[in-house]
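Below is one structure; the comments refer to it alone.
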Amino acid sequence: MRITTWNVNSIKQRIGHLLGFLEEARPDVICLQELKCQDEAFPRAEVEAAGYAVETLGQKAYNGVALLVRAPLLHTQVLRGLPGGSDDVQARYIEALVHGEGVAPVRIASIYLPNGNPAPGPKYAYKLAFMERLRTHARALMAAEDALVLAGDFNVIPEALDAADPAAWTQDALFLPETRQAFRALLAEGLTEALRACDPSPGLYTFWDYQAGCWPRNQGIRIDHLLLSPQAADRLVSASVQRHLRGLEKPSDHVPVTVELSDG
């Protein structure tokens with residue numbers, strides 16, 4: 001099973017890129033973030049014509065997450081919204097159990113974690129609270145001992161080697177000590193960071209800002225992650241970054257990250 005996460009930064013603007021990627025890479029499941037549209041505005045017909053079932057949690061102009069599941073795989077037990085925040089109206093979490101004939105089930109979530117800037121402030125407090133809710137929910141899911149993949153734009157730079165210029169991010173919510181500590185606390189629940197498990201080398205980025213020539217100068221950061229429960233980590237075959245998509249015309253500032261799991 002190939003599982004991809006990708007912050008498309010507006011599905012309306014990037015639908016051509018998405019359809020091209022689906023044809024090129026044929027992931028079994030793709031987790032999208034930052035749709036920037038309500039559910040009814042998602043280009044469902046085009047994606048379904050490419051062979052994918054669609055589940056969305058949209059929001060007008062902001063946020064928005066989706067799960068696309070390629071036939072003949074099935075998805076059930078869809079959860080929209082991260083538990084623990086009854087007053088949280090931001091569309092940042094969607095989860096489903098994906099399964100099929102000859103394929104052991106995998107519970108997969110698409111996550112768009114808050115940016116948190118400016119920090120300190122209410123946006124940063126929301127980010128940290130969201131991360132704690134995610135840790136609590138992950139603990140509950142892992143108690144079932146099922147294969148679990150938490151995938152998405154976490155807006156977290158885990159370590160200095162995950163930024164081309166770490167000094168430029170020291171006051172940013174993505175790299176503050178409290179942010180990285182909260183990310184480590186999430187991993188400490190027993191999750192494996194898939195990309196780093198396969199490639200510990202520096203210079204591995206998933207985001208390049210549109211400003212200041214970041215892409216041609218390779219001034220990137222790594223903030224898109226796939227976290228695996230022990231049952232999923234046991235099935236990990238490979239993990240890779242599809243960085244060539246950043247070179248497309250009018251690209252997203254993020255690129256896809258893909259893991260491959262054995263059938264189990």
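Ligands are numbered from 1 in the order shown, chains are lettered A, B, ... in the order of the structure tokens, and residues start at 1 in each chain.
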
Listing only residues of stretch 174-199 of chain A within 8 Å of stretch 222-235 of chain A, what is the closest atom pair and its distance in Å (to one decimal) for each, using only C-alpha atoms, sorted by chain and residue number ascending, as CSV?
```
residue,atom,partner,partner_atom,distance
A:Leu187,CA,A:Leu227,CA,7.8
A:Gly190,CA,A:Ser229,CA,6.3
A:Leu191,CA,A:Ser229,CA,4.8
A:Thr192,CA,A:Leu228,CA,4.9
A:Glu193,CA,A:Leu227,CA,4.7
A:Ala194,CA,A:Leu226,CA,5.7
A:Leu195,CA,A:Leu226,CA,7.2
```

Could you make a table, as CSV, of the residues of stretch 160-261 of chain A that have an atom within 9 Å of an atom of stretch 116-131 of chain A, each with its nearest atom pair and distance in Å to one decimal, counting only C-alpha atoms, in chain and number order?
```
residue,atom,partner,partner_atom,distance
A:Gln171,CA,A:Ala119,CA,7.9
A:Asp172,CA,A:Asn117,CA,6.9
A:Ala173,CA,A:Gly116,CA,5.5
A:Leu174,CA,A:Gly116,CA,7.4
A:Leu176,CA,A:Ala119,CA,8.8
A:Glu178,CA,A:Leu128,CA,8.0
A:Thr179,CA,A:Leu128,CA,7.0
A:Ala182,CA,A:Met131,CA,6.6
A:Phe183,CA,A:Met131,CA,7.5
A:Leu186,CA,A:Met131,CA,7.8
```

Using the chain letters and numbers from this document, which residues of stretch 6-213 of chain A does DSSP assign to strand (DSSP E or B), as a ChimeraX atom specification? /A:6-7,29-33,52-57,65-70,74-80,93-100,103-112,147-153,163,192-193,207

Need the shell around A:Ala143: protein/DNA/RNA residues with any atom at most 12 Å away, counting only C-alpha atoms. Skip same-chain ones fewer than 2 positions apart. Format as a VMD selection string? chain A and resid 136 to 141 145 to 148 189 to 190 229 to 231

Take the selection from the previous step and output its residues with C-alpha atoms, as a PDB file, in the first residue's frame.
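Writing the result to out.pdb gives the following:
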```pdb
ATOM      1  CA  THR A 136      -4.255  11.911  23.242  1.00  0.00           C
ATOM      2  CA  HIS A 137      -6.173  10.652  20.218  1.00  0.00           C
ATOM      3  CA  ALA A 138      -3.136   8.780  18.872  1.00  0.00           C
ATOM      4  CA  ARG A 139      -2.732   7.045  22.227  1.00  0.00           C
ATOM      5  CA  ALA A 140      -6.371   5.918  22.121  1.00  0.00           C
ATOM      6  CA  LEU A 141      -6.043   4.634  18.542  1.00  0.00           C
ATOM      7  CA  GLU A 145      -2.958  -2.234  18.192  1.00  0.00           C
ATOM      8  CA  ASP A 146      -4.010  -1.634  14.589  1.00  0.00           C
ATOM      9  CA  ALA A 147      -1.764  -0.272  11.862  1.00  0.00           C
ATOM     10  CA  LEU A 148      -2.015   3.522  12.034  1.00  0.00           C
ATOM     11  CA  GLU A 189       3.573   7.363  22.252  1.00  0.00           C
ATOM     12  CA  GLY A 190       5.281   4.756  20.071  1.00  0.00           C
ATOM     13  CA  SER A 229       2.328   2.926  14.774  1.00  0.00           C
ATOM     14  CA  PRO A 230       4.468  -0.150  15.523  1.00  0.00           C
ATOM     15  CA  GLN A 231       2.095  -2.319  13.462  1.00  0.00           C
TER      16      GLN A 231
END
```

Contacts of A:Gln33 at 6 Å (only C-alpha atoms; same-chain gap of 2+ positions) as number ranges by chain: A: 7, 35, 64-65, 112

Take the residues just selected and output them with N, CA and C atoms as a JSON list (two decimals), in the first residue's frame.
```json
[["chain", "number", "residue", "atom", "x", "y", "z"],
["A", 7, "ASN", "N", 0.28, 18.74, 0.96],
["A", 7, "ASN", "CA", -0.40, 20.02, 1.13],
["A", 7, "ASN", "C", -0.43, 20.69, -0.23],
["A", 35, "LEU", "N", -7.01, 22.49, 1.42],
["A", 35, "LEU", "CA", -7.88, 22.50, 0.25],
["A", 35, "LEU", "C", -8.36, 23.90, -0.09],
["A", 64, "GLY", "N", -8.89, 22.78, 5.42],
["A", 64, "GLY", "CA", -9.50, 21.74, 4.60],
["A", 64, "GLY", "C", -8.57, 20.57, 4.38],
["A", 65, "VAL", "N", -9.11, 19.36, 4.62],
["A", 65, "VAL", "CA", -8.34, 18.12, 4.46],
["A", 65, "VAL", "C", -9.17, 17.10, 3.70],
["A", 112, "TYR", "N", -3.81, 18.65, 9.05],
["A", 112, "TYR", "CA", -3.22, 19.96, 8.77],
["A", 112, "TYR", "C", -3.07, 20.68, 10.10]]
```

Write out as a PyMOL selection string which residues come within 9 Å of stretch 49-58 of chain A when counting only C-alpha atoms, dropping same-chain ones fewer than 4 positions away. chain A and resi 19+22-23+28-29+34-42+44-45+62-72+74-75+78+80-81+90-94+96

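By chain and then residue number, the residues within 6 Å of A:Thr258 are Ile3, Thr4, Ala239 and Ser240 of chain A, counting only C-alpha atoms and disregarding those fewer than 6 positions away in sequence.
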
If we count only C-alpha atoms, what is near A:His254 at a cut-off of 9 Å, once residues fewer than 6 positions away on the same chain are taken out, given as an MDAnalysis selection string? chainID A and resid 6:9 153 206:209 223:224 243 245:246

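The residue that comes closest to A:Arg133, out of A:Val98, A:Ile221, A:Ala185, A:Val47 and on the basis of only C-alpha atoms, is A:Ala185.
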
For the helix (DSSP H, G or I) assignment from backbone DSSP, which residues of stretch 145-264 of chain A qualify? Please present them as a PyMOL selection string. chain A and resi 160-162+166-169+177-187+194-198+230-233+243-247

Atom pair atom CA of A:Arg180 / atom CA of A:Asp87: separation (Å): 25.6 Å

Nearest to A:Cys198 among A:Glu260, A:Asp165, A:Glu46, A:Glu249, with distances taken over only C-alpha atoms: which residue is it?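 Closest to A:Cys198 of all the choices is A:Glu260.
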
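If you look at atom CA of A:His99 and atom CA of A:Cys31, they are 15.5 Å away from each other.
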